[in-house]
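Raw input.pdb, PDB, C-alpha atoms, pLDDT in the B column:
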ATOM      1  CA  MET A   1      90.501  62.427  74.696  1.00 64.00           C
ATOM      2  CA  THR A   2      93.643  61.247  76.473  1.00 80.00           C
ATOM      3  CA  ALA A   3      94.707  62.632  79.836  1.00 76.00           C
ATOM      4  CA  ASP A   4      97.633  64.414  78.168  1.00 77.00           C
ATOM      5  CA  ASN A   5      95.369  66.009  75.565  1.00 85.00           C
ATOM      6  CA  LYS A   6      92.965  67.180  78.250  1.00 87.00           C
ATOM      7  CA  LYS A   7      95.847  68.617  80.251  1.00 91.00           C
ATOM      8  CA  ILE A   8      97.253  70.393  77.187  1.00 94.00           C
ATOM      9  CA  LEU A   9      93.847  71.918  76.427  1.00 93.00           C
ATOM     10  CA  GLU A  10      93.654  73.395  79.926  1.00 93.00           C
ATOM     11  CA  LEU A  11      97.260  74.619  79.782  1.00 96.00           C
ATOM     12  CA  GLU A  12      96.621  76.291  76.418  1.00 96.00           C
ATOM     13  CA  ALA A  13      93.579  78.011  77.901  1.00 95.00           C
ATOM     14  CA  ARG A  14      95.534  79.275  80.902  1.00 96.00           C
ATOM     15  CA  ALA A  15      98.397  80.441  78.675  1.00 97.00           C
ATOM     16  CA  THR A  16      95.955  82.403  76.518  1.00 98.00           C
ATOM     17  CA  VAL A  17      94.169  83.995  79.470  1.00 97.00           C
ATOM     18  CA  PHE A  18      97.420  85.095  81.107  1.00 98.00           C
ATOM     19  CA  SER A  19      98.700  86.513  77.823  1.00 98.00           C
ATOM     20  CA  LEU A  20      95.477  88.503  77.406  1.00 98.00           C
ATOM     21  CA  LEU A  21      95.793  89.772  80.970  1.00 98.00           C
ATOM     22  CA  ALA A  22      99.317  90.908  80.135  1.00 98.00           C
ATOM     23  CA  GLN A  23      97.984  92.801  77.127  1.00 98.00           C
ATOM     24  CA  ALA A  24      95.179  94.332  79.184  1.00 98.00           C
ATOM     25  CA  PHE A  25      97.480  95.663  81.895  1.00 98.00           C
ATOM     26  CA  ASN A  26     100.241  96.946  79.680  1.00 97.00           C
ATOM     27  CA  TYR A  27      99.802 100.534  78.526  1.00 97.00           C
ATOM     28  CA  PRO A  28      96.863 100.592  76.065  1.00 98.00           C
ATOM     29  CA  ASP A  29      97.755 100.809  72.389  1.00 97.00           C
ATOM     30  CA  ARG A  30      96.110 100.650  68.973  1.00 97.00           C
ATOM     31  CA  GLU A  31      96.549  96.886  68.789  1.00 98.00           C
ATOM     32  CA  LEU A  32      94.383  96.462  71.889  1.00 98.00           C
ATOM     33  CA  VAL A  33      91.789  98.905  70.568  1.00 97.00           C
ATOM     34  CA  ALA A  34      91.575  97.114  67.209  1.00 96.00           C
ATOM     35  CA  SER A  35      91.267  93.752  68.954  1.00 97.00           C
ATOM     36  CA  LEU A  36      88.429  95.050  71.117  1.00 97.00           C
ATOM     37  CA  ARG A  37      86.486  96.656  68.280  1.00 95.00           C
ATOM     38  CA  LYS A  38      86.845  93.621  65.997  1.00 95.00           C
ATOM     39  CA  GLY A  39      85.784  91.305  68.812  1.00 96.00           C
ATOM     40  CA  GLU A  40      89.052  89.371  68.758  1.00 97.00           C
ATOM     41  CA  PHE A  41      90.007  90.116  72.364  1.00 98.00           C
ATOM     42  CA  PRO A  42      86.690  89.112  73.992  1.00 97.00           C
ATOM     43  CA  ALA A  43      86.329  86.108  71.668  1.00 97.00           C
ATOM     44  CA  ALA A  44      89.785  84.772  72.554  1.00 97.00           C
ATOM     45  CA  LEU A  45      89.132  85.386  76.238  1.00 97.00           C
ATOM     46  CA  PHE A  46      85.712  83.717  76.153  1.00 95.00           C
ATOM     47  CA  SER A  47      87.078  80.675  74.302  1.00 95.00           C
ATOM     48  CA  ALA A  48      89.998  80.229  76.697  1.00 95.00           C
ATOM     49  CA  VAL A  49      88.073  80.828  79.915  1.00 92.00           C
ATOM     50  CA  GLY A  50      85.466  78.341  78.724  1.00 86.00           C
ATOM     51  CA  CYS A  51      88.052  75.574  79.132  1.00 85.00           C
ATOM     52  CA  LEU A  52      88.660  76.441  82.793  1.00 86.00           C
ATOM     53  CA  PRO A  53      86.721  75.321  85.888  1.00 81.00           C
ATOM     54  CA  ASP A  54      83.803  77.544  86.972  1.00 84.00           C
ATOM     55  CA  ALA A  55      83.876  79.426  83.657  1.00 81.00           C
ATOM     56  CA  SER A  56      80.169  80.240  83.902  1.00 85.00           C
ATOM     57  CA  SER A  57      80.835  82.523  86.870  1.00 87.00           C
ATOM     58  CA  ILE A  58      82.791  84.941  84.697  1.00 91.00           C
ATOM     59  CA  SER A  59      81.112  84.596  81.291  1.00 92.00           C
ATOM     60  CA  GLU A  60      78.867  87.636  81.815  1.00 94.00           C
ATOM     61  CA  GLU A  61      81.892  89.851  82.457  1.00 96.00           C
ATOM     62  CA  ILE A  62      83.483  88.806  79.160  1.00 96.00           C
ATOM     63  CA  ALA A  63      80.205  89.194  77.289  1.00 96.00           C
ATOM     64  CA  ALA A  64      79.912  92.736  78.645  1.00 97.00           C
ATOM     65  CA  ILE A  65      83.291  93.630  77.120  1.00 97.00           C
ATOM     66  CA  GLY A  66      82.136  92.397  73.734  1.00 96.00           C
ATOM     67  CA  LYS A  67      78.817  94.220  73.982  1.00 95.00           C
ATOM     68  CA  GLU A  68      80.531  97.484  74.941  1.00 96.00           C
ATOM     69  CA  TYR A  69      83.256  97.588  72.309  1.00 95.00           C
ATOM     70  CA  VAL A  70      82.562  95.311  69.335  1.00 92.00           C
ATOM     71  CA  ASP A  71      81.451  97.408  66.353  1.00 81.00           C
ATOM     72  CA  SER A  72      81.089 100.403  68.657  1.00 85.00           C
ATOM     73  CA  ASP A  73      80.273 103.789  67.140  1.00 87.00           C
ATOM     74  CA  GLN A  74      83.218 105.142  69.101  1.00 87.00           C
ATOM     75  CA  GLY A  75      86.233 105.702  66.857  1.00 89.00           C
ATOM     76  CA  ASP A  76      89.623 104.117  67.445  1.00 94.00           C
ATOM     77  CA  ASP A  77      91.191 107.395  68.543  1.00 96.00           C
ATOM     78  CA  ALA A  78      88.413 108.152  71.016  1.00 96.00           C
ATOM     79  CA  LEU A  79      88.512 104.658  72.518  1.00 97.00           C
ATOM     80  CA  LEU A  80      92.292 104.696  72.805  1.00 97.00           C
ATOM     81  CA  LEU A  81      92.173 108.066  74.553  1.00 98.00           C
ATOM     82  CA  GLU A  82      89.484 106.820  76.932  1.00 98.00           C
ATOM     83  CA  LEU A  83      91.569 103.775  77.894  1.00 98.00           C
ATOM     84  CA  GLU A  84      94.752 105.826  78.193  1.00 98.00           C
ATOM     85  CA  LYS A  85      93.049 108.299  80.536  1.00 98.00           C
ATOM     86  CA  ASP A  86      91.690 105.534  82.753  1.00 98.00           C
ATOM     87  CA  TYR A  87      95.022 103.682  82.828  1.00 98.00           C
ATOM     88  CA  THR A  88      96.964 106.845  83.634  1.00 98.00           C
ATOM     89  CA  GLN A  89      94.508 107.911  86.325  1.00 97.00           C
ATOM     90  CA  MET A  90      94.611 104.555  88.099  1.00 97.00           C
ATOM     91  CA  PHE A  91      98.280 103.712  87.818  1.00 97.00           C
ATOM     92  CA  PHE A  92     100.202 106.978  87.513  1.00 94.00           C
ATOM     93  CA  SER A  93      98.539 110.320  88.189  1.00 90.00           C
ATOM     94  CA  SER A  94      96.179 109.706  91.116  1.00 86.00           C
ATOM     95  CA  LYS A  95      97.295 111.065  94.492  1.00 86.00           C
ATOM     96  CA  PRO A  96      97.283 108.991  96.564  1.00 89.00           C
ATOM     97  CA  ARG A  97      97.869 106.315  93.931  1.00 91.00           C
ATOM     98  CA  LEU A  98      94.752 104.230  93.353  1.00 96.00           C
ATOM     99  CA  VAL A  99      96.503 101.087  92.092  1.00 97.00           C
ATOM    100  CA  TYR A 100     100.153 100.096  91.793  1.00 97.00           C
ATOM    101  CA  LEU A 101     101.487  98.016  88.905  1.00 97.00           C
ATOM    102  CA  PHE A 102     104.622  96.717  90.637  1.00 97.00           C
ATOM    103  CA  GLU A 103     104.954  93.768  92.998  1.00 95.00           C
ATOM    104  CA  SER A 104     107.700  95.467  95.012  1.00 95.00           C
ATOM    105  CA  VAL A 105     105.349  98.289  96.040  1.00 95.00           C
ATOM    106  CA  TYR A 106     102.916  95.765  97.523  1.00 92.00           C
ATOM    107  CA  ASN A 107     105.669  93.809  99.281  1.00 82.00           C
ATOM    108  CA  GLU A 108     108.233  96.427 100.283  1.00 79.00           C
ATOM    109  CA  GLY A 109     106.455  99.743  99.820  1.00 73.00           C
ATOM    110  CA  LYS A 110     108.494 101.064  96.878  1.00 81.00           C
ATOM    111  CA  ILE A 111     109.730  99.978  93.463  1.00 75.00           C
ATOM    112  CA  LEU A 112     112.915  98.078  92.605  1.00 70.00           C
ATOM    113  CA  GLN A 113     113.251  96.154  95.847  1.00 80.00           C
ATOM    114  CA  GLU A 114     114.184  92.551  96.684  1.00 85.00           C
ATOM    115  CA  SER A 115     111.016  91.062  95.170  1.00 91.00           C
ATOM    116  CA  THR A 116     111.928  92.761  91.869  1.00 91.00           C
ATOM    117  CA  PHE A 117     115.225  90.912  91.763  1.00 92.00           C
ATOM    118  CA  GLN A 118     113.684  87.645  92.957  1.00 94.00           C
ATOM    119  CA  ILE A 119     111.217  87.527  90.067  1.00 93.00           C
ATOM    120  CA  ALA A 120     113.974  88.578  87.656  1.00 92.00           C
ATOM    121  CA  ARG A 121     115.995  85.557  88.801  1.00 94.00           C
ATOM    122  CA  LEU A 122     113.072  83.299  87.937  1.00 95.00           C
ATOM    123  CA  TYR A 123     113.034  84.734  84.413  1.00 94.00           C
ATOM    124  CA  TYR A 124     116.744  83.971  84.182  1.00 93.00           C
ATOM    125  CA  ASP A 125     116.199  80.420  85.500  1.00 93.00           C
ATOM    126  CA  ALA A 126     113.558  79.904  82.803  1.00 91.00           C
ATOM    127  CA  GLY A 127     116.079  80.920  80.123  1.00 89.00           C
ATOM    128  CA  LEU A 128     114.674  84.374  79.414  1.00 87.00           C
ATOM    129  CA  ARG A 129     116.886  87.358  78.713  1.00 80.00           C
ATOM    130  CA  PRO A 130     115.342  90.833  78.320  1.00 72.00           C
ATOM    131  CA  ALA A 131     115.638  92.426  74.889  1.00 67.00           C
ATOM    132  CA  GLU A 132     117.721  95.588  74.774  1.00 57.00           C
ATOM    133  CA  HIS A 133     114.672  97.738  74.018  1.00 60.00           C
ATOM    134  CA  PHE A 134     112.576  96.229  76.834  1.00 65.00           C
ATOM    135  CA  LYS A 135     111.932  98.923  79.442  1.00 78.00           C
ATOM    136  CA  LEU A 136     109.379  97.533  81.928  1.00 83.00           C
ATOM    137  CA  PRO A 137     110.637  96.528  85.392  1.00 89.00           C
ATOM    138  CA  PRO A 138     110.648  92.745  85.965  1.00 92.00           C
ATOM    139  CA  ASP A 139     107.922  92.989  88.615  1.00 94.00           C
ATOM    140  CA  HIS A 140     105.429  94.941  86.482  1.00 96.00           C
ATOM    141  CA  ILE A 141     102.253  92.885  86.669  1.00 97.00           C
ATOM    142  CA  ALA A 142     101.924  92.653  82.877  1.00 97.00           C
ATOM    143  CA  VAL A 143     105.400  91.082  82.713  1.00 96.00           C
ATOM    144  CA  GLU A 144     104.515  88.570  85.417  1.00 96.00           C
ATOM    145  CA  PHE A 145     101.263  87.681  83.624  1.00 97.00           C
ATOM    146  CA  GLU A 146     103.196  87.113  80.394  1.00 96.00           C
ATOM    147  CA  PHE A 147     105.771  84.997  82.233  1.00 96.00           C
ATOM    148  CA  MET A 148     103.035  82.679  83.500  1.00 97.00           C
ATOM    149  CA  SER A 149     101.766  82.325  79.939  1.00 97.00           C
ATOM    150  CA  TYR A 150     105.298  81.455  78.814  1.00 97.00           C
ATOM    151  CA  LEU A 151     105.624  78.815  81.544  1.00 98.00           C
ATOM    152  CA  TYR A 152     102.349  77.173  80.540  1.00 98.00           C
ATOM    153  CA  PHE A 153     103.549  76.971  76.941  1.00 97.00           C
ATOM    154  CA  ASN A 154     106.833  75.483  78.172  1.00 97.00           C
ATOM    155  CA  GLU A 155     104.925  72.792  80.029  1.00 97.00           C
ATOM    156  CA  ILE A 156     102.871  72.049  76.908  1.00 97.00           C
ATOM    157  CA  LYS A 157     106.025  71.664  74.831  1.00 97.00           C
ATOM    158  CA  ALA A 158     107.548  69.337  77.427  1.00 97.00           C
ATOM    159  CA  ILE A 159     104.439  67.133  77.480  1.00 96.00           C
ATOM    160  CA  GLN A 160     104.303  66.988  73.687  1.00 95.00           C
ATOM    161  CA  THR A 161     107.987  66.019  73.452  1.00 95.00           C
ATOM    162  CA  ASN A 162     107.707  63.495  76.300  1.00 95.00           C
ATOM    163  CA  ASN A 163     110.109  65.392  78.542  1.00 97.00           C
ATOM    164  CA  PRO A 164     108.811  64.948  82.114  1.00 96.00           C
ATOM    165  CA  LYS A 165     111.850  66.683  83.625  1.00 97.00           C
ATOM    166  CA  ASN A 166     111.151  69.922  81.732  1.00 97.00           C
ATOM    167  CA  ALA A 167     107.428  69.643  82.445  1.00 97.00           C
ATOM    168  CA  GLU A 168     108.122  69.368  86.168  1.00 98.00           C
ATOM    169  CA  PHE A 169     110.536  72.310  86.047  1.00 97.00           C
ATOM    170  CA  ALA A 170     107.874  74.448  84.336  1.00 97.00           C
ATOM    171  CA  ARG A 171     105.366  73.478  87.029  1.00 97.00           C
ATOM    172  CA  GLN A 172     107.859  74.319  89.777  1.00 97.00           C
ATOM    173  CA  LEU A 173     108.375  77.786  88.311  1.00 97.00           C
ATOM    174  CA  GLN A 174     104.613  78.296  87.982  1.00 97.00           C
ATOM    175  CA  HIS A 175     104.224  77.339  91.633  1.00 96.00           C
ATOM    176  CA  ASP A 176     107.001  79.697  92.707  1.00 95.00           C
ATOM    177  CA  VAL A 177     105.479  82.609  90.777  1.00 96.00           C
ATOM    178  CA  MET A 178     102.030  82.035  92.222  1.00 94.00           C
ATOM    179  CA  ILE A 179     103.077  81.360  95.812  1.00 92.00           C
ATOM    180  CA  ASN A 180     105.812  83.955  96.175  1.00 92.00           C
ATOM    181  CA  HIS A 181     104.995  86.612  93.582  1.00 94.00           C
ATOM    182  CA  LEU A 182     101.921  87.049  91.380  1.00 94.00           C
ATOM    183  CA  GLY A 183      99.626  85.063  93.642  1.00 89.00           C
ATOM    184  CA  SER A 184     100.616  87.078  96.688  1.00 88.00           C
ATOM    185  CA  PHE A 185      99.774  90.541  95.339  1.00 94.00           C
ATOM    186  CA  GLY A 186      97.760  89.951  92.172  1.00 96.00           C
ATOM    187  CA  GLY A 187      94.454  89.482  93.968  1.00 95.00           C
ATOM    188  CA  THR A 188      94.778  92.833  95.724  1.00 96.00           C
ATOM    189  CA  PHE A 189      95.764  94.458  92.438  1.00 98.00           C
ATOM    190  CA  ALA A 190      92.765  92.948  90.632  1.00 98.00           C
ATOM    191  CA  GLU A 191      90.298  94.009  93.324  1.00 97.00           C
ATOM    192  CA  LYS A 192      91.611  97.567  93.246  1.00 98.00           C
ATOM    193  CA  VAL A 193      91.335  97.742  89.442  1.00 98.00           C
ATOM    194  CA  ALA A 194      87.747  96.481  89.582  1.00 98.00           C
ATOM    195  CA  ALA A 195      86.949  99.087  92.241  1.00 98.00           C
ATOM    196  CA  HIS A 196      88.728 102.095  90.752  1.00 98.00           C
ATOM    197  CA  GLY A 197      88.519 101.557  86.998  1.00 98.00           C
ATOM    198  CA  ARG A 198      86.304 104.108  85.268  1.00 97.00           C
ATOM    199  CA  THR A 199      85.938 102.295  81.961  1.00 98.00           C
ATOM    200  CA  LEU A 200      84.016  99.071  81.599  1.00 98.00           C
ATOM    201  CA  PHE A 201      87.124  97.426  80.140  1.00 98.00           C
ATOM    202  CA  TYR A 202      89.310  97.879  83.198  1.00 99.00           C
ATOM    203  CA  LYS A 203      86.508  97.178  85.666  1.00 98.00           C
ATOM    204  CA  LYS A 204      85.742  93.867  83.978  1.00 98.00           C
ATOM    205  CA  MET A 205      89.400  92.937  83.460  1.00 98.00           C
ATOM    206  CA  GLY A 206      89.969  93.466  87.177  1.00 98.00           C
ATOM    207  CA  ILE A 207      87.201  90.965  87.924  1.00 97.00           C
ATOM    208  CA  ILE A 208      88.535  88.525  85.319  1.00 96.00           C
ATOM    209  CA  ALA A 209      92.073  88.814  86.699  1.00 97.00           C
ATOM    210  CA  ALA A 210      90.808  88.053  90.219  1.00 96.00           C
ATOM    211  CA  PHE A 211      88.909  84.998  88.922  1.00 94.00           C
ATOM    212  CA  THR A 212      91.939  83.717  87.008  1.00 94.00           C
ATOM    213  CA  LEU A 213      94.377  84.103  89.888  1.00 94.00           C
ATOM    214  CA  ALA A 214      91.977  82.513  92.373  1.00 90.00           C
ATOM    215  CA  GLY A 215      91.590  79.525  90.057  1.00 79.00           C
ATOM    216  CA  VAL A 216      95.338  78.980  89.811  1.00 79.00           C
ATOM    217  CA  ARG A 217      95.918  79.383  93.553  1.00 64.00           C
ATOM    218  CA  SER A 218      93.226  76.822  94.323  1.00 57.00           C
TER     219      SER A 218
END

Let me see the structure of the file written as structure tokens.
Amino acid sequence: MTADNKKILELEARATVFSLLAQAFNYPDRELVASLRKGEFPAALFSAVGCLPDASSISEEIAAIGKEYVDSDQGDDALLLELEKDYTQMFFSSKPRLVYLFESVYNEGKILQESTFQIARLYYDAGLRPAEHFKLPPDHIAVEFEFMSYLYFNEIKAIQTNNPKNAEFARQLQHDVMINHLGSFGGTFAEKVAAHGRTLFYKKMGIIAAFTLAGVRS
């Protein structure tokens, strides 16, 4: 395996993990429930994490998700309701709020502050424009997770097309996101989710998010 191929394999793994984290921390829907019950979500996560350093330290957490939800006797509606209740309790209805979803709350104490506009500028620099129907604030953690996935795929494309300038630009944006945005508040977010989640899914995804972010920062 060439150095480029090895690098691409790791980038693909990171892109997949960050995309799955984005799905996990967006509002739960039937697509997530179906993916959990069919085993697609834990299988994709296990495969991707297996390509990352220190994967063995997190494999039991992923296996627990599969054991809990794959072919569960719990119906789709019941599982969706369970996840919705946990998500709403953690992120919206608890007083005081157990966990916040927005970077600006961690940095400035309330939503739609300077850090919101800073991360939005990075999206613009990367060539992204929000679709008209897109409603989430730019600093919602699911959006930032998905942006990291996008940047990894951009780096892959640049390597495959022998474009070192674009590859370096993608890496610079990744660094900026991790140093100044996601990496600065994501660990706290992940620890709080692991501590306050009532369902196994959110508890384990909090642990997996903390592992993933620590690996990128290091």

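Closest approach to Lys157 of chain A from the set A:Ile119, A:Ala34, A:Leu136, A:Ile8 is made by A:Ile8, with distances taken over all atoms listed in the file.
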
What's the 10 Å shell around segment 97-111 of chain A, counting all atoms listed in the file, without same-chain residues fewer than 2 positions away, as a PyMOL selection string?
chain A and resi 25-26+87+89-95+113-117+119+136-144+181-182+184-186+188-193+195-197

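For the pair atom CA of Ala63 of chain A and atom CA of Ala22 of chain A, the separation is 19.4 Å.
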
Using 8 Å of padding on each side, determine the axis-aligned box around all atoms of segment 118-130 of chain A present in the file and give its centre and edge lengths in Å to one decimal, as lines of an AutoDock Vina configuration file.
center_x = 114.1
center_y = 85.4
center_z = 85.6
size_x = 21.7
size_y = 26.9
size_z = 30.6

One number please: atom CA of Ser47 of chain A to atom CA of Glu82 of chain A, in Å, one decimal.
26.4 Å

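Going from atom CA of Ala44 of chain A over to atom CA of Met148 of chain A, you cover 17.3 Å.
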
List as a Markdown table every residue of segment 25-144 of chain A that is in contact with segment 161-171 of chain A, defined as an atom at most 12 Å from one of its atoms (using all atoms listed in the file), together with the nearest atom pair and the distance in Å rounded to one decimal, sorted by chain and then rising number.
| residue | atom | partner | partner_atom | distance |
| --- | --- | --- | --- | --- |
| A:Leu122 | CA | A:Ala170 | CA | 10.9 |
| A:Tyr123 | CA | A:Ala170 | CA | 11.5 |
| A:Asp125 | CA | A:Phe169 | CA | 9.9 |
| A:Ala126 | CA | A:Ala170 | CA | 8.0 |
| A:Gly127 | CA | A:Ala170 | CA | 11.3 |

With C-alpha atoms retained, export the selected residues as a PDB file, in the frame of the given file.
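The resulting part.pdb:
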ATOM      1  CA  LEU A 122     113.072  83.299  87.937  1.00 95.00           C
ATOM      2  CA  TYR A 123     113.034  84.734  84.413  1.00 94.00           C
ATOM      3  CA  ASP A 125     116.199  80.420  85.500  1.00 93.00           C
ATOM      4  CA  ALA A 126     113.558  79.904  82.803  1.00 91.00           C
ATOM      5  CA  GLY A 127     116.079  80.920  80.123  1.00 89.00           C
TER       6      GLY A 127
END

If you count all atoms listed in the file, which residues fall within 12 Å of Leu52 of chain A, apart from same-chain ones fewer than 4 positions away, as number ranges by chain?
A: 6-17, 45-48, 56-59, 211-216

Report as a short mmCIF file (atom, residue, chain, number, x, y, z; two decimals) with C-alpha atoms, in the coordinates of the input all protein, DNA and RNA residues lying within 9 Å of Val33 of chain A, evaluated on only C-alpha atoms, omitting residues in the same chain fewer than 6 positions from it.
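Once written, result.cif looks like this:
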data_model
loop_
_atom_site.label_atom_id
_atom_site.label_comp_id
_atom_site.auth_asym_id
_atom_site.auth_seq_id
_atom_site.Cartn_x
_atom_site.Cartn_y
_atom_site.Cartn_z
CA TYR A 69 83.26 97.59 72.31
CA ASP A 76 89.62 104.12 67.44
CA ASP A 77 91.19 107.40 68.54
CA LEU A 79 88.51 104.66 72.52
CA LEU A 80 92.29 104.70 72.81
CA LEU A 83 91.57 103.78 77.89
#

So which residues are close to (94.2, 89.8, 82.6), meaning at most 8 Å away in the file's coordinates with all atoms listed in the file counted, and can you show them as a JSON list (two decimals) with C-alpha atoms, keeping the file's coordinate frame?
[["chain", "number", "residue", "atom", "x", "y", "z"],
["A", 17, "VAL", "CA", 94.17, 84.00, 79.47],
["A", 18, "PHE", "CA", 97.42, 85.10, 81.11],
["A", 19, "SER", "CA", 98.70, 86.51, 77.82],
["A", 20, "LEU", "CA", 95.48, 88.50, 77.41],
["A", 21, "LEU", "CA", 95.79, 89.77, 80.97],
["A", 22, "ALA", "CA", 99.32, 90.91, 80.14],
["A", 23, "GLN", "CA", 97.98, 92.80, 77.13],
["A", 24, "ALA", "CA", 95.18, 94.33, 79.18],
["A", 25, "PHE", "CA", 97.48, 95.66, 81.90],
["A", 145, "PHE", "CA", 101.26, 87.68, 83.62],
["A", 205, "MET", "CA", 89.40, 92.94, 83.46],
["A", 206, "GLY", "CA", 89.97, 93.47, 87.18],
["A", 208, "ILE", "CA", 88.54, 88.52, 85.32],
["A", 209, "ALA", "CA", 92.07, 88.81, 86.70],
["A", 212, "THR", "CA", 91.94, 83.72, 87.01]]

Generate the coordinates of N, CA and C atoms for segment 143-156 of chain A; report them as an mmCIF file, in the coordinates of the input.
data_model
loop_
_atom_site.group_PDB
_atom_site.id
_atom_site.type_symbol
_atom_site.label_atom_id
_atom_site.label_comp_id
_atom_site.auth_asym_id
_atom_site.auth_seq_id
_atom_site.Cartn_x
_atom_site.Cartn_y
_atom_site.Cartn_z
ATOM 1 N N VAL A 143 104.260 91.965 82.984
ATOM 2 C CA VAL A 143 105.400 91.082 82.713
ATOM 3 C C VAL A 143 105.212 89.754 83.439
ATOM 4 N N GLU A 144 104.733 89.802 84.661
ATOM 5 C CA GLU A 144 104.515 88.570 85.417
ATOM 6 C C GLU A 144 103.379 87.747 84.808
ATOM 7 N N PHE A 145 102.325 88.407 84.332
ATOM 8 C CA PHE A 145 101.263 87.681 83.624
ATOM 9 C C PHE A 145 101.828 86.987 82.384
ATOM 10 N N GLU A 146 102.633 87.691 81.617
ATOM 11 C CA GLU A 146 103.196 87.113 80.394
ATOM 12 C C GLU A 146 104.148 85.971 80.719
ATOM 13 N N PHE A 147 104.867 86.070 81.818
ATOM 14 C CA PHE A 147 105.771 84.997 82.233
ATOM 15 C C PHE A 147 104.988 83.727 82.551
ATOM 16 N N MET A 148 103.858 83.857 83.230
ATOM 17 C CA MET A 148 103.035 82.679 83.500
ATOM 18 C C MET A 148 102.561 82.042 82.205
ATOM 19 N N SER A 149 102.168 82.855 81.239
ATOM 20 C CA SER A 149 101.766 82.325 79.939
ATOM 21 C C SER A 149 102.911 81.541 79.304
ATOM 22 N N TYR A 150 104.098 82.107 79.359
ATOM 23 C CA TYR A 150 105.298 81.455 78.814
ATOM 24 C C TYR A 150 105.548 80.109 79.500
ATOM 25 N N LEU A 151 105.382 80.058 80.806
ATOM 26 C CA LEU A 151 105.624 78.815 81.544
ATOM 27 C C LEU A 151 104.596 77.748 81.187
ATOM 28 N N TYR A 152 103.359 78.144 80.975
ATOM 29 C CA TYR A 152 102.349 77.173 80.540
ATOM 30 C C TYR A 152 102.707 76.605 79.169
ATOM 31 N N PHE A 153 103.143 77.460 78.261
ATOM 32 C CA PHE A 153 103.549 76.971 76.941
ATOM 33 C C PHE A 153 104.768 76.060 77.045
ATOM 34 N N ASN A 154 105.678 76.358 77.966
ATOM 35 C CA ASN A 154 106.833 75.483 78.172
ATOM 36 C C ASN A 154 106.403 74.104 78.657
ATOM 37 N N GLU A 155 105.427 74.080 79.549
ATOM 38 C CA GLU A 155 104.925 72.792 80.029
ATOM 39 C C GLU A 155 104.258 72.011 78.899
ATOM 40 N N ILE A 156 103.497 72.703 78.064
ATOM 41 C CA ILE A 156 102.871 72.049 76.908
ATOM 42 C C ILE A 156 103.929 71.411 76.012
#
